[in-house]
Each structure stands twice: as C-alpha cells, then as structure tokens.
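With PDB, C-alpha atoms and all ligand atoms inside, this is protein.pdb:
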```pdb
ATOM      1  CA  MET A  29      96.095  94.083 151.944  1.00  0.00           C
ATOM      2  CA  GLY A  30      94.930  91.705 154.680  1.00  0.00           C
ATOM      3  CA  LYS A  31      94.756  92.391 158.409  1.00  0.00           C
ATOM      4  CA  VAL A  32      97.339  91.956 161.139  1.00  0.00           C
ATOM      5  CA  VAL A  33      95.796  89.482 163.569  1.00  0.00           C
ATOM      6  CA  LEU A  34      96.939  88.475 167.039  1.00  0.00           C
ATOM      7  CA  ARG A  35      95.404  85.081 167.784  1.00  0.00           C
ATOM      8  CA  ALA A  36      95.736  82.958 170.910  1.00  0.00           C
ATOM      9  CA  SER A  37      93.963  80.435 173.054  1.00  0.00           C
ATOM     10  CA  MET A  38      93.693  81.973 176.513  1.00  0.00           C
ATOM     11  CA  SER A  39      92.454  80.836 179.919  1.00  0.00           C
ATOM     12  CA  LEU A  40      89.744  82.843 181.643  1.00  0.00           C
ATOM     13  CA  ASP A  41      92.431  84.264 183.953  1.00  0.00           C
ATOM     14  CA  GLY A  42      94.436  85.564 180.999  1.00  0.00           C
ATOM     15  CA  PHE A  43      97.209  82.992 180.506  1.00  0.00           C
ATOM     16  CA  MET A  44      98.293  81.674 177.118  1.00  0.00           C
ATOM     17  CA  THR A  45     100.614  79.043 178.650  1.00  0.00           C
ATOM     18  CA  GLY A  46     100.886  77.239 181.946  1.00  0.00           C
ATOM     19  CA  PRO A  47     103.971  77.724 184.192  1.00  0.00           C
ATOM     20  CA  ASP A  48     107.496  76.353 183.581  1.00  0.00           C
ATOM     21  CA  VAL A  49     107.528  76.623 179.787  1.00  0.00           C
ATOM     22  CA  GLY A  50     110.367  74.580 178.289  1.00  0.00           C
ATOM     23  CA  THR A  51     111.083  71.732 175.903  1.00  0.00           C
ATOM     24  CA  GLU A  52     109.400  69.270 178.270  1.00  0.00           C
ATOM     25  CA  HIS A  53     106.268  71.446 178.386  1.00  0.00           C
ATOM     26  CA  PRO A  54     106.157  73.699 175.270  1.00  0.00           C
ATOM     27  CA  MET A  55     102.832  75.164 176.477  1.00  0.00           C
ATOM     28  CA  GLY A  56     103.917  75.182 180.135  1.00  0.00           C
ATOM     29  CA  ARG A  57     102.773  72.638 182.734  1.00  0.00           C
ATOM     30  CA  GLY A  58      99.135  71.848 182.025  1.00  0.00           C
ATOM     31  CA  GLY A  59      99.053  74.505 179.286  1.00  0.00           C
ATOM     32  CA  GLU A  60      98.043  72.018 176.591  1.00  0.00           C
ATOM     33  CA  ARG A  61      94.587  72.284 178.193  1.00  0.00           C
ATOM     34  CA  LEU A  62      94.274  75.509 176.153  1.00  0.00           C
ATOM     35  CA  HIS A  63      94.485  73.598 172.869  1.00  0.00           C
ATOM     36  CA  GLU A  64      92.275  70.617 173.782  1.00  0.00           C
ATOM     37  CA  TRP A  65      89.426  72.184 171.790  1.00  0.00           C
ATOM     38  CA  LEU A  66      91.472  71.755 168.601  1.00  0.00           C
ATOM     39  CA  PHE A  67      91.611  67.992 168.978  1.00  0.00           C
ATOM     40  CA  ASP A  68      87.998  67.041 169.711  1.00  0.00           C
ATOM     41  CA  GLU A  69      86.912  65.051 166.677  1.00  0.00           C
ATOM     42  CA  SER A  70      83.468  64.275 168.091  1.00  0.00           C
ATOM     43  CA  ASP A  71      80.247  66.045 167.040  1.00  0.00           C
ATOM     44  CA  GLN A  72      80.740  68.508 169.901  1.00  0.00           C
ATOM     45  CA  GLY A  73      83.962  69.737 168.336  1.00  0.00           C
ATOM     46  CA  ARG A  74      82.669  70.090 164.783  1.00  0.00           C
ATOM     47  CA  GLN A  75      81.872  73.805 165.005  1.00  0.00           C
ATOM     48  CA  ASP A  76      85.278  74.569 166.551  1.00  0.00           C
ATOM     49  CA  ALA A  77      87.026  72.582 163.831  1.00  0.00           C
ATOM     50  CA  GLU A  78      85.165  74.547 161.153  1.00  0.00           C
ATOM     51  CA  ILE A  79      86.126  77.867 162.781  1.00  0.00           C
ATOM     52  CA  ALA A  80      89.767  76.750 163.012  1.00  0.00           C
ATOM     53  CA  ARG A  81      89.711  75.760 159.314  1.00  0.00           C
ATOM     54  CA  GLU A  82      88.282  79.143 158.265  1.00  0.00           C
ATOM     55  CA  ALA A  83      90.808  80.984 160.418  1.00  0.00           C
ATOM     56  CA  SER A  84      93.686  78.989 158.884  1.00  0.00           C
ATOM     57  CA  ALA A  85      92.503  79.701 155.357  1.00  0.00           C
ATOM     58  CA  ALA A  86      92.711  83.457 156.034  1.00  0.00           C
ATOM     59  CA  VAL A  87      96.396  83.276 157.033  1.00  0.00           C
ATOM     60  CA  GLY A  88      98.859  84.434 154.366  1.00  0.00           C
ATOM     61  CA  SER A  89     101.981  84.631 156.528  1.00  0.00           C
ATOM     62  CA  VAL A  90     102.944  84.244 160.167  1.00  0.00           C
ATOM     63  CA  VAL A  91     105.187  86.230 162.502  1.00  0.00           C
ATOM     64  CA  ILE A  92     106.323  84.321 165.578  1.00  0.00           C
ATOM     65  CA  GLY A  93     108.794  84.936 168.376  1.00  0.00           C
ATOM     66  CA  ARG A  94     111.954  82.843 168.574  1.00  0.00           C
ATOM     67  CA  ARG A  95     110.707  81.069 171.713  1.00  0.00           C
ATOM     68  CA  THR A  96     107.491  79.966 170.002  1.00  0.00           C
ATOM     69  CA  PHE A  97     109.690  78.780 167.110  1.00  0.00           C
ATOM     70  CA  ASP A  98     112.088  76.834 169.365  1.00  0.00           C
ATOM     71  CA  LEU A  99     109.268  75.195 171.286  1.00  0.00           C
ATOM     72  CA  GLY A 100     106.973  74.617 168.312  1.00  0.00           C
ATOM     73  CA  LEU A 101     109.394  73.230 165.737  1.00  0.00           C
ATOM     74  CA  GLU A 102     109.411  69.672 167.049  1.00  0.00           C
ATOM     75  CA  PRO A 103     105.657  69.266 167.705  1.00  0.00           C
ATOM     76  CA  TRP A 104     104.726  70.990 164.408  1.00  0.00           C
ATOM     77  CA  GLY A 105     107.396  69.203 162.333  1.00  0.00           C
ATOM     78  CA  ASP A 106     106.764  71.955 159.786  1.00  0.00           C
ATOM     79  CA  VAL A 107     105.827  75.643 159.681  1.00  0.00           C
ATOM     80  CA  PRO A 108     102.789  76.268 161.953  1.00  0.00           C
ATOM     81  CA  PHE A 109     100.597  77.117 158.925  1.00  0.00           C
ATOM     82  CA  PRO A 110     101.380  76.246 155.291  1.00  0.00           C
ATOM     83  CA  VAL A 111     102.596  79.772 154.482  1.00  0.00           C
ATOM     84  CA  PRO A 112     105.848  81.755 154.895  1.00  0.00           C
ATOM     85  CA  CYS A 113     106.777  82.144 158.555  1.00  0.00           C
ATOM     86  CA  PHE A 114     108.929  84.990 159.884  1.00  0.00           C
ATOM     87  CA  VAL A 115     110.717  84.433 163.202  1.00  0.00           C
ATOM     88  CA  LEU A 116     111.705  87.506 165.210  1.00  0.00           C
ATOM     89  CA  THR A 117     115.113  87.045 166.853  1.00  0.00           C
ATOM     90  CA  ARG A 118     118.180  89.096 167.612  1.00  0.00           C
ATOM     91  CA  GLU A 119     120.283  86.135 166.418  1.00  0.00           C
ATOM     92  CA  SER A 120     121.286  85.927 162.788  1.00  0.00           C
ATOM     93  CA  ARG A 121     120.223  82.609 161.230  1.00  0.00           C
ATOM     94  CA  ASP A 122     119.858  81.140 157.750  1.00  0.00           C
ATOM     95  CA  ASP A 123     116.425  80.459 156.277  1.00  0.00           C
ATOM     96  CA  LEU A 124     115.000  77.072 157.220  1.00  0.00           C
ATOM     97  CA  PRO A 125     112.878  75.532 154.430  1.00  0.00           C
ATOM     98  CA  MET A 126     110.212  73.073 155.638  1.00  0.00           C
ATOM     99  CA  ALA A 127     107.653  70.950 153.765  1.00  0.00           C
ATOM    100  CA  SER A 128     104.914  73.636 153.550  1.00  0.00           C
ATOM    101  CA  GLY A 129     106.802  76.910 153.893  1.00  0.00           C
ATOM    102  CA  THR A 130     110.061  78.508 154.967  1.00  0.00           C
ATOM    103  CA  PHE A 131     111.104  79.953 158.319  1.00  0.00           C
ATOM    104  CA  THR A 132     112.872  83.274 157.712  1.00  0.00           C
ATOM    105  CA  PHE A 133     114.647  84.823 160.702  1.00  0.00           C
ATOM    106  CA  VAL A 134     114.219  88.571 160.953  1.00  0.00           C
ATOM    107  CA  ASP A 135     115.760  91.134 163.252  1.00  0.00           C
ATOM    108  CA  GLY A 136     115.255  94.854 163.206  1.00  0.00           C
ATOM    109  CA  SER A 137     112.176  96.953 163.675  1.00  0.00           C
ATOM    110  CA  LEU A 138     108.666  95.567 163.951  1.00  0.00           C
ATOM    111  CA  PRO A 139     107.458  97.660 160.970  1.00  0.00           C
ATOM    112  CA  SER A 140     110.192  96.196 158.783  1.00  0.00           C
ATOM    113  CA  ALA A 141     109.378  92.625 159.905  1.00  0.00           C
ATOM    114  CA  LEU A 142     105.728  93.351 159.197  1.00  0.00           C
ATOM    115  CA  GLU A 143     106.549  94.715 155.761  1.00  0.00           C
ATOM    116  CA  HIS A 144     108.191  91.374 154.810  1.00  0.00           C
ATOM    117  CA  ALA A 145     105.245  89.434 156.253  1.00  0.00           C
ATOM    118  CA  GLN A 146     102.645  91.579 154.451  1.00  0.00           C
ATOM    119  CA  ALA A 147     104.494  91.272 151.134  1.00  0.00           C
ATOM    120  CA  ALA A 148     104.437  87.472 151.567  1.00  0.00           C
ATOM    121  CA  ALA A 149     100.775  87.389 152.673  1.00  0.00           C
ATOM    122  CA  GLY A 150      99.396  89.341 149.694  1.00  0.00           C
ATOM    123  CA  GLU A 151      95.655  89.806 150.197  1.00  0.00           C
ATOM    124  CA  ARG A 152      95.543  87.453 153.156  1.00  0.00           C
ATOM    125  CA  ASP A 153      96.191  88.163 156.854  1.00  0.00           C
ATOM    126  CA  VAL A 154      99.432  88.281 158.802  1.00  0.00           C
ATOM    127  CA  LEU A 155      99.063  86.140 161.924  1.00  0.00           C
ATOM    128  CA  LEU A 156     101.042  87.037 165.068  1.00  0.00           C
ATOM    129  CA  MET A 157     101.885  84.202 167.484  1.00  0.00           C
ATOM    130  CA  GLY A 158     103.674  84.449 170.849  1.00  0.00           C
ATOM    131  CA  ALA A 159     103.061  86.637 173.890  1.00  0.00           C
ATOM    132  CA  SER A 160     106.085  88.911 173.654  1.00  0.00           C
ATOM    133  CA  VAL A 161     105.631  89.410 169.913  1.00  0.00           C
ATOM    134  CA  GLY A 162     101.910  90.054 170.272  1.00  0.00           C
ATOM    135  CA  GLN A 163     102.441  92.550 173.094  1.00  0.00           C
ATOM    136  CA  GLN A 164     105.047  94.524 171.164  1.00  0.00           C
ATOM    137  CA  PHE A 165     102.920  94.785 168.022  1.00  0.00           C
ATOM    138  CA  LEU A 166      99.935  95.832 170.140  1.00  0.00           C
ATOM    139  CA  ASP A 167     102.021  98.402 171.986  1.00  0.00           C
ATOM    140  CA  VAL A 168     103.096 100.156 168.784  1.00  0.00           C
ATOM    141  CA  GLY A 169      99.593 100.082 167.282  1.00  0.00           C
ATOM    142  CA  LEU A 170     100.275  97.566 164.500  1.00  0.00           C
ATOM    143  CA  VAL A 171      97.528  95.046 165.347  1.00  0.00           C
ATOM    144  CA  ASP A 172      94.195  95.284 163.489  1.00  0.00           C
ATOM    145  CA  GLU A 173      92.386  92.397 165.145  1.00  0.00           C
ATOM    146  CA  ILE A 174      92.624  90.210 168.234  1.00  0.00           C
ATOM    147  CA  GLU A 175      91.150  86.710 168.093  1.00  0.00           C
ATOM    148  CA  ILE A 176      90.842  84.919 171.402  1.00  0.00           C
ATOM    149  CA  GLN A 177      89.727  81.382 171.988  1.00  0.00           C
ATOM    150  CA  LEU A 178      88.635  81.785 175.583  1.00  0.00           C
ATOM    151  CA  VAL A 179      88.982  78.465 177.382  1.00  0.00           C
ATOM    152  CA  PRO A 180      86.882  77.843 180.510  1.00  0.00           C
ATOM    153  CA  VAL A 181      89.744  77.133 182.883  1.00  0.00           C
ATOM    154  CA  LEU A 182      91.668  79.143 185.489  1.00  0.00           C
ATOM    155  CA  LEU A 183      95.318  78.180 184.963  1.00  0.00           C
ATOM    156  CA  GLY A 184      96.544  80.238 187.909  1.00  0.00           C
ATOM    157  CA  ALA A 185     100.062  80.785 186.519  1.00  0.00           C
ATOM    158  CA  GLY A 186     101.928  80.958 183.232  1.00  0.00           C
ATOM    159  CA  THR A 187     102.576  83.515 180.491  1.00  0.00           C
ATOM    160  CA  ARG A 188     100.040  86.324 180.398  1.00  0.00           C
ATOM    161  CA  LEU A 189      98.918  87.313 176.929  1.00  0.00           C
ATOM    162  CA  PHE A 190      98.186  90.961 177.780  1.00  0.00           C
ATOM    163  CA  ASP A 191     101.218  91.805 179.912  1.00  0.00           C
ATOM    164  CA  HIS A 192     103.729  94.676 179.659  1.00  0.00           C
ATOM    165  CA  LEU A 193     101.321  96.926 177.784  1.00  0.00           C
ATOM    166  CA  GLY A 194     101.606 100.055 179.891  1.00  0.00           C
ATOM    167  CA  PRO A 195      98.794 102.173 181.311  1.00  0.00           C
ATOM    168  CA  GLU A 196      97.309 103.492 178.035  1.00  0.00           C
ATOM    169  CA  HIS A 197      93.930 102.004 177.119  1.00  0.00           C
ATOM    170  CA  ILE A 198      93.732 100.011 173.941  1.00  0.00           C
ATOM    171  CA  GLU A 199      90.109 100.370 172.885  1.00  0.00           C
ATOM    172  CA  LEU A 200      88.482  97.363 171.244  1.00  0.00           C
ATOM    173  CA  GLU A 201      85.250  96.745 169.375  1.00  0.00           C
ATOM    174  CA  ARG A 202      83.922  93.209 169.750  1.00  0.00           C
ATOM    175  CA  THR A 203      82.988  92.013 166.272  1.00  0.00           C
ATOM    176  CA  GLU A 204      82.273  88.324 166.908  1.00  0.00           C
ATOM    177  CA  ALA A 205      81.399  85.977 169.747  1.00  0.00           C
ATOM    178  CA  ILE A 206      80.701  82.326 169.006  1.00  0.00           C
ATOM    179  CA  GLU A 207      79.985  79.894 171.825  1.00  0.00           C
ATOM    180  CA  SER A 208      80.803  76.240 171.835  1.00  0.00           C
ATOM    181  CA  PRO A 209      80.941  73.778 174.734  1.00  0.00           C
ATOM    182  CA  HIS A 210      84.769  73.863 174.766  1.00  0.00           C
ATOM    183  CA  VAL A 211      85.695  77.423 174.006  1.00  0.00           C
ATOM    184  CA  THR A 212      84.289  80.884 173.241  1.00  0.00           C
ATOM    185  CA  HIS A 213      85.618  82.359 170.009  1.00  0.00           C
ATOM    186  CA  LEU A 214      85.972  86.117 170.408  1.00  0.00           C
ATOM    187  CA  ARG A 215      87.069  88.588 167.777  1.00  0.00           C
ATOM    188  CA  PHE A 216      87.897  92.241 168.447  1.00  0.00           C
ATOM    189  CA  ARG A 217      88.829  95.116 166.146  1.00  0.00           C
ATOM    190  CA  VAL A 218      91.474  97.434 167.578  1.00  0.00           C
ATOM    191  CA  VAL A 219      89.962 100.916 167.510  1.00  0.00           C
ATOM    192  CA  ARG A 220      92.466 103.545 166.384  1.00  0.00           C
TER     193      ARG A 220
HETATM  194  N1  LIG B 301      98.096  79.952 173.652  1.00  0.00           N
HETATM  195  C1  LIG B 301      98.440  80.059 172.389  1.00  0.00           C
HETATM  196  O1  LIG B 301      97.565  80.079 171.487  1.00  0.00           O
HETATM  197  C2  LIG B 301      99.875  80.202 172.013  1.00  0.00           C
HETATM  198  C3  LIG B 301     100.207  80.625 170.709  1.00  0.00           C
HETATM  199  C4  LIG B 301     101.561  80.791 170.400  1.00  0.00           C
HETATM  200  C5  LIG B 301     102.540  80.542 171.359  1.00  0.00           C
HETATM  201  N2  LIG B 301     102.174  80.110 172.589  1.00  0.00           N
HETATM  202  C6  LIG B 301     103.172  79.876 173.634  1.00  0.00           C
HETATM  203  O2  LIG B 301     103.758  81.144 173.986  1.00  0.00           O
HETATM  204  C7  LIG B 301     105.069  80.917 174.476  1.00  0.00           C
HETATM  205  C8  LIG B 301     106.056  81.844 173.780  1.00  0.00           C
HETATM  206  O3  LIG B 301     105.739  83.202 174.001  1.00  0.00           O
HETATM  207  P1  LIG B 301     106.849  84.166 174.627  1.00  0.00           P
HETATM  208  O4  LIG B 301     106.243  85.471 174.868  1.00  0.00           O
HETATM  209  O5  LIG B 301     107.515  83.449 175.738  1.00  0.00           O
HETATM  210  O6  LIG B 301     107.960  84.281 173.479  1.00  0.00           O
HETATM  211  P2  LIG B 301     107.860  84.671 171.928  1.00  0.00           P
HETATM  212  O7  LIG B 301     107.104  85.936 171.714  1.00  0.00           O
HETATM  213  O8  LIG B 301     107.469  83.489 171.129  1.00  0.00           O
HETATM  214  O9  LIG B 301     109.436  84.890 171.627  1.00  0.00           O
HETATM  215  C9  LIG B 301     110.208  85.832 172.295  1.00  0.00           C
HETATM  216  C10 LIG B 301     111.535  85.945 171.556  1.00  0.00           C
HETATM  217  O10 LIG B 301     111.324  86.520 170.269  1.00  0.00           O
HETATM  218  C11 LIG B 301     112.416  87.373 169.931  1.00  0.00           C
HETATM  219  N3  LIG B 301     111.933  88.741 169.810  1.00  0.00           N
HETATM  220  C12 LIG B 301     110.832  89.273 170.406  1.00  0.00           C
HETATM  221  N4  LIG B 301     110.703  90.563 170.037  1.00  0.00           N
HETATM  222  C13 LIG B 301     111.724  90.844 169.202  1.00  0.00           C
HETATM  223  C14 LIG B 301     112.141  92.002 168.482  1.00  0.00           C
HETATM  224  N5  LIG B 301     111.432  93.136 168.583  1.00  0.00           N
HETATM  225  N6  LIG B 301     113.237  91.935 167.695  1.00  0.00           N
HETATM  226  C15 LIG B 301     113.948  90.780 167.608  1.00  0.00           C
HETATM  227  N7  LIG B 301     113.607  89.649 168.253  1.00  0.00           N
HETATM  228  C16 LIG B 301     112.526  89.683 169.052  1.00  0.00           C
HETATM  229  C17 LIG B 301     113.439  87.242 171.034  1.00  0.00           C
HETATM  230  O11 LIG B 301     114.269  86.164 170.647  1.00  0.00           O
HETATM  231  P3  LIG B 301     115.874  86.127 170.842  1.00  0.00           P
HETATM  232  O12 LIG B 301     116.048  85.837 172.300  1.00  0.00           O
HETATM  233  O13 LIG B 301     116.327  85.025 169.939  1.00  0.00           O
HETATM  234  O14 LIG B 301     116.415  87.470 170.419  1.00  0.00           O
HETATM  235  C18 LIG B 301     112.561  86.849 172.224  1.00  0.00           C
HETATM  236  O15 LIG B 301     113.304  86.149 173.209  1.00  0.00           O
HETATM  237  C19 LIG B 301     105.397  79.461 174.208  1.00  0.00           C
HETATM  238  O16 LIG B 301     105.263  78.732 175.401  1.00  0.00           O
HETATM  239  C20 LIG B 301     104.344  79.032 173.199  1.00  0.00           C
HETATM  240  O17 LIG B 301     104.072  77.638 173.286  1.00  0.00           O
HETATM  241  C21 LIG B 301     100.863  79.960 172.950  1.00  0.00           C
END
```
Represent the structure of the file as structure tokens.
Amino acid sequence: MGKVVLRASMSLDGFMTGPDVGTEHPMGRGGERLHEWLFDESDQGRQDAEIAREASAAVGSVVIGRRTFDLGLEPWGDVPFPVPCFVLTRESRDDLPMASGTFTFVDGSLPSALEHAQAAAGERDVLLMGASVGQQFLDVGLVDEIEIQLVPVLLGAGTRLFDHLGPEHIELERTEAIESPHVTHLRFRVVR
C-alpha cells in the first residue's frame, strides 16, 4: 500500500491561500503567488517541474475537501490529477465523471473515506488536498508524510495550513530538502 501524503504550497508565514478566498480568487487574494513556481518554463524552473512530475506520478488517488473541489473545478476543468478523486462533503451528490477520472463524493468517517481512496490508489499514494481536510487527517494520525513547497513570501493573511491542531506535538522527521530559486521542497515523515 502507498502512503497518505498531505501536500501543499505554503508561504513562509504558514499560509496556503491568501485572504478572501472565493470564486473570484480561488487561492485567495494574491494567493496564486504560491503556485507561480509551477508555471516557470524557463531553465530556472526545470528542476521544480521535474519534482512536480515525479510527485504527480506517485499519486494513485486524491482526497479533497468540498471547498477545494468547488474552487478548483473550473480552473482544472478536470480532476486535479488523472486518478480517482474523493471529495469530502456532508452533502449527498452523484459521482461526477471527468476526462481523466471521476469525482466521488464521500461523507462519513475519515477512515472510511481513506479506505475508498486507498483501494483506488493500489500501490500508489493517497494525496490529501485542502487545509481543513489535511488538518483533520493529521489530527487523527492518518497522515504518513507531509510535503511542503515553501515559497519565499510572507502573505500576511489567508488560510493557515497547520491550524486547529490542538496542543499535542506532532513529531516529524525531515526526509528531504531540495532548494530551487523559486521554492524549497520539503518532505517530512510523521513519526508515530
Ligand atoms: N496551497 C495549496 O497547495 C493548496 C492546495 C489545495 C487547496 N488549496 C486551497 O485551500 C482552500 C480550501 O481549503 P479549506 O480548508 O478552506 O477547505 P477544504 O478542506 O477544501 O474543504 C472543506 C469542506 O470539506 C468538507 N469536509 C471537511 N471535512 C469533512 C468531513 N470530515 N466529513 C465530511 N465533509 C467534510 C466540508 O464540506 P461541506 O460544507 O460540503 O460539508 C467542508 O466545508 C482553497 O482556497 C484552495 O484553493 C491550496
């Protein structure tokens, strides 16, 4: 079985979006700064592009929150990765087939959502996307790895990635740190 990976681009002050997230600004005002590194097609961005390609290839299924789904559907025009995508929501909705995978809406416990995602992922990883979803999986000890693309900017406001986690320490082992001019790729194993 693959790993359960929480991955996000994050500002140095801990935000994964800018403020005022909504349809006009899916990443919050100015939040698209966090994903600029993905779109540099010059020589400077080659290493980042290679890392992003490798990371995508490891993804076997995705679990996202309903807000990430609502905000992402139009810009993606498809599932976020070409694999099955499970959307956590308390609303009941029919499956939504897209060109490269299907959105399946799941309610209920996190372990049961994860079970569906792991069955779909096979040997590959389950990727978690969205702050609330990431925080809840972390809180109940279901995350194996955290991958952060640390962007050299102080956003000042927005959605914090590591919020609402309570006072208990979550111990991490840093397993990778790759520098590039745009972003530092950090990988941590959650120590249990
Ligand atoms: N920086 C990055 O790399 C990155 C990556 C991904 C997303 N984002 C951004 O992050 C933002 C979204 O994050 P977010 O924290 O606001 O929202 P989110 O985690 O995407 O979604 C929250 C929603 O998911 C549903 N949900 C969460 N936990 C649930 C549970 N246990 N059971 C059932 N449903 C559950 C609820 O939907 P219902 O209200 O329908 O019940 C909840 O309102 C967006 O702005 C997105 O663009 C950034």
Write out as a Markdown table the residues of chain A that have any atom within 9 Å of an atom of ligand LIG 301 (chain B), one row each with the nearest atom pair and its distance in Å to one decimal, counting only C-alpha atoms and all ligand atoms, sorted by chain and then rising number.
```
| residue | atom | partner | partner_atom | distance |
| --- | --- | --- | --- | --- |
| A:Arg35 | CA | B:LIG301 | O1 | 6.6 |
| A:Ala36 | CA | B:LIG301 | O1 | 3.5 |
| A:Ser37 | CA | B:LIG301 | O1 | 3.9 |
| A:Met38 | CA | B:LIG301 | N1 | 5.6 |
| A:Ser39 | CA | B:LIG301 | N1 | 8.5 |
| A:Phe43 | CA | B:LIG301 | N1 | 7.6 |
| A:Met44 | CA | B:LIG301 | N1 | 3.9 |
| A:Thr45 | CA | B:LIG301 | N1 | 5.7 |
| A:Gly46 | CA | B:LIG301 | O16 | 8.0 |
| A:Pro47 | CA | B:LIG301 | O16 | 8.9 |
| A:Asp48 | CA | B:LIG301 | O16 | 8.8 |
| A:Val49 | CA | B:LIG301 | O16 | 5.4 |
| A:Gly50 | CA | B:LIG301 | O16 | 7.2 |
| A:His53 | CA | B:LIG301 | O16 | 7.9 |
| A:Pro54 | CA | B:LIG301 | O17 | 4.9 |
| A:Met55 | CA | B:LIG301 | O17 | 4.2 |
| A:Gly56 | CA | B:LIG301 | O16 | 6.1 |
| A:Gly59 | CA | B:LIG301 | N1 | 7.9 |
| A:Glu60 | CA | B:LIG301 | N1 | 8.5 |
| A:Leu62 | CA | B:LIG301 | N1 | 6.4 |
| A:His63 | CA | B:LIG301 | O1 | 7.3 |
| A:Ile92 | CA | B:LIG301 | O8 | 5.7 |
| A:Gly93 | CA | B:LIG301 | O9 | 3.3 |
| A:Arg94 | CA | B:LIG301 | O10 | 4.1 |
| A:Arg95 | CA | B:LIG301 | O9 | 4.0 |
| A:Thr96 | CA | B:LIG301 | O8 | 3.7 |
| A:Phe97 | CA | B:LIG301 | O8 | 6.6 |
| A:Asp98 | CA | B:LIG301 | O8 | 8.3 |
| A:Leu99 | CA | B:LIG301 | O17 | 6.1 |
| A:Gly100 | CA | B:LIG301 | O17 | 6.5 |
| A:Val115 | CA | B:LIG301 | O10 | 7.4 |
| A:Leu116 | CA | B:LIG301 | N7 | 4.2 |
| A:Thr117 | CA | B:LIG301 | N7 | 3.3 |
| A:Arg118 | CA | B:LIG301 | O14 | 3.7 |
| A:Glu119 | CA | B:LIG301 | O13 | 5.4 |
| A:Ser120 | CA | B:LIG301 | O13 | 8.7 |
| A:Val134 | CA | B:LIG301 | C15 | 7.0 |
| A:Asp135 | CA | B:LIG301 | C15 | 4.7 |
| A:Gly136 | CA | B:LIG301 | N6 | 5.7 |
| A:Ser137 | CA | B:LIG301 | N5 | 6.3 |
| A:Leu138 | CA | B:LIG301 | N5 | 5.9 |
| A:Ala141 | CA | B:LIG301 | N6 | 8.7 |
| A:Leu156 | CA | B:LIG301 | C4 | 8.2 |
| A:Met157 | CA | B:LIG301 | C4 | 4.5 |
| A:Gly158 | CA | B:LIG301 | O7 | 3.8 |
| A:Ala159 | CA | B:LIG301 | O4 | 3.5 |
| A:Ser160 | CA | B:LIG301 | O4 | 3.7 |
| A:Val161 | CA | B:LIG301 | O7 | 4.2 |
| A:Gly162 | CA | B:LIG301 | O7 | 6.8 |
| A:Gln163 | CA | B:LIG301 | O7 | 8.2 |
| A:Gln164 | CA | B:LIG301 | N4 | 7.0 |
| A:Phe165 | CA | B:LIG301 | N5 | 8.7 |
| A:Ile176 | CA | B:LIG301 | O1 | 8.3 |
| A:Gln177 | CA | B:LIG301 | O1 | 8.0 |
| A:Gly186 | CA | B:LIG301 | O16 | 8.8 |
| A:Thr187 | CA | B:LIG301 | O5 | 6.9 |
| A:Arg188 | CA | B:LIG301 | O4 | 8.4 |
| A:Leu189 | CA | B:LIG301 | O4 | 7.8 |
```
Between atom CA of Val111 of chain A and atom CA of Met29 of chain A - distance in Å to one decimal: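 Between atom CA of Met29 of chain A and atom CA of Val111 of chain A the gap is 15.9 Å.
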10 Å contact set for segment 207-209 of chain A, only C-alpha atoms, chain neighbours under 5 positions out, as a ChimeraX atom specification: /A:65,72-76,177-180,214
Resolved residues for the PyMOL selection byres (((chain A and resi 113) around 10) and not hetatm) as a ChimeraX atom specification: /A:88-92,97,107-112,114-116,124-125,129-133,145,148-149,154-156
Keeping C-alpha atoms for every residue in the selection just given, could you write it to a file as a PDB file, keeping the file's coordinate frame?
```pdb
ATOM      1  CA  GLY A  88      98.859  84.434 154.366  1.00  0.00           C
ATOM      2  CA  SER A  89     101.981  84.631 156.528  1.00  0.00           C
ATOM      3  CA  VAL A  90     102.944  84.244 160.167  1.00  0.00           C
ATOM      4  CA  VAL A  91     105.187  86.230 162.502  1.00  0.00           C
ATOM      5  CA  ILE A  92     106.323  84.321 165.578  1.00  0.00           C
ATOM      6  CA  PHE A  97     109.690  78.780 167.110  1.00  0.00           C
ATOM      7  CA  VAL A 107     105.827  75.643 159.681  1.00  0.00           C
ATOM      8  CA  PRO A 108     102.789  76.268 161.953  1.00  0.00           C
ATOM      9  CA  PHE A 109     100.597  77.117 158.925  1.00  0.00           C
ATOM     10  CA  PRO A 110     101.380  76.246 155.291  1.00  0.00           C
ATOM     11  CA  VAL A 111     102.596  79.772 154.482  1.00  0.00           C
ATOM     12  CA  PRO A 112     105.848  81.755 154.895  1.00  0.00           C
ATOM     13  CA  PHE A 114     108.929  84.990 159.884  1.00  0.00           C
ATOM     14  CA  VAL A 115     110.717  84.433 163.202  1.00  0.00           C
ATOM     15  CA  LEU A 116     111.705  87.506 165.210  1.00  0.00           C
ATOM     16  CA  LEU A 124     115.000  77.072 157.220  1.00  0.00           C
ATOM     17  CA  PRO A 125     112.878  75.532 154.430  1.00  0.00           C
ATOM     18  CA  GLY A 129     106.802  76.910 153.893  1.00  0.00           C
ATOM     19  CA  THR A 130     110.061  78.508 154.967  1.00  0.00           C
ATOM     20  CA  PHE A 131     111.104  79.953 158.319  1.00  0.00           C
ATOM     21  CA  THR A 132     112.872  83.274 157.712  1.00  0.00           C
ATOM     22  CA  PHE A 133     114.647  84.823 160.702  1.00  0.00           C
ATOM     23  CA  ALA A 145     105.245  89.434 156.253  1.00  0.00           C
ATOM     24  CA  ALA A 148     104.437  87.472 151.567  1.00  0.00           C
ATOM     25  CA  ALA A 149     100.775  87.389 152.673  1.00  0.00           C
ATOM     26  CA  VAL A 154      99.432  88.281 158.802  1.00  0.00           C
ATOM     27  CA  LEU A 155      99.063  86.140 161.924  1.00  0.00           C
ATOM     28  CA  LEU A 156     101.042  87.037 165.068  1.00  0.00           C
TER      29      LEU A 156
END
```
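For the pair atom CA of Asp41 of chain A and atom CA of Glu204 of chain A, the interatomic distance is 20.3 Å.
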Å distance separating atom CA of Arg61 of chain A from atom CA of Gly42 of chain A, one decimal place: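 Value for the atom CA of Arg61 of chain A-atom CA of Gly42 of chain A distance: 13.6 Å.
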Which of A:Val33, A:Val219, A:Leu170, A:Ala147 sits closest to Ser84 of chain A [using all atoms listed in the file]: A:Val33
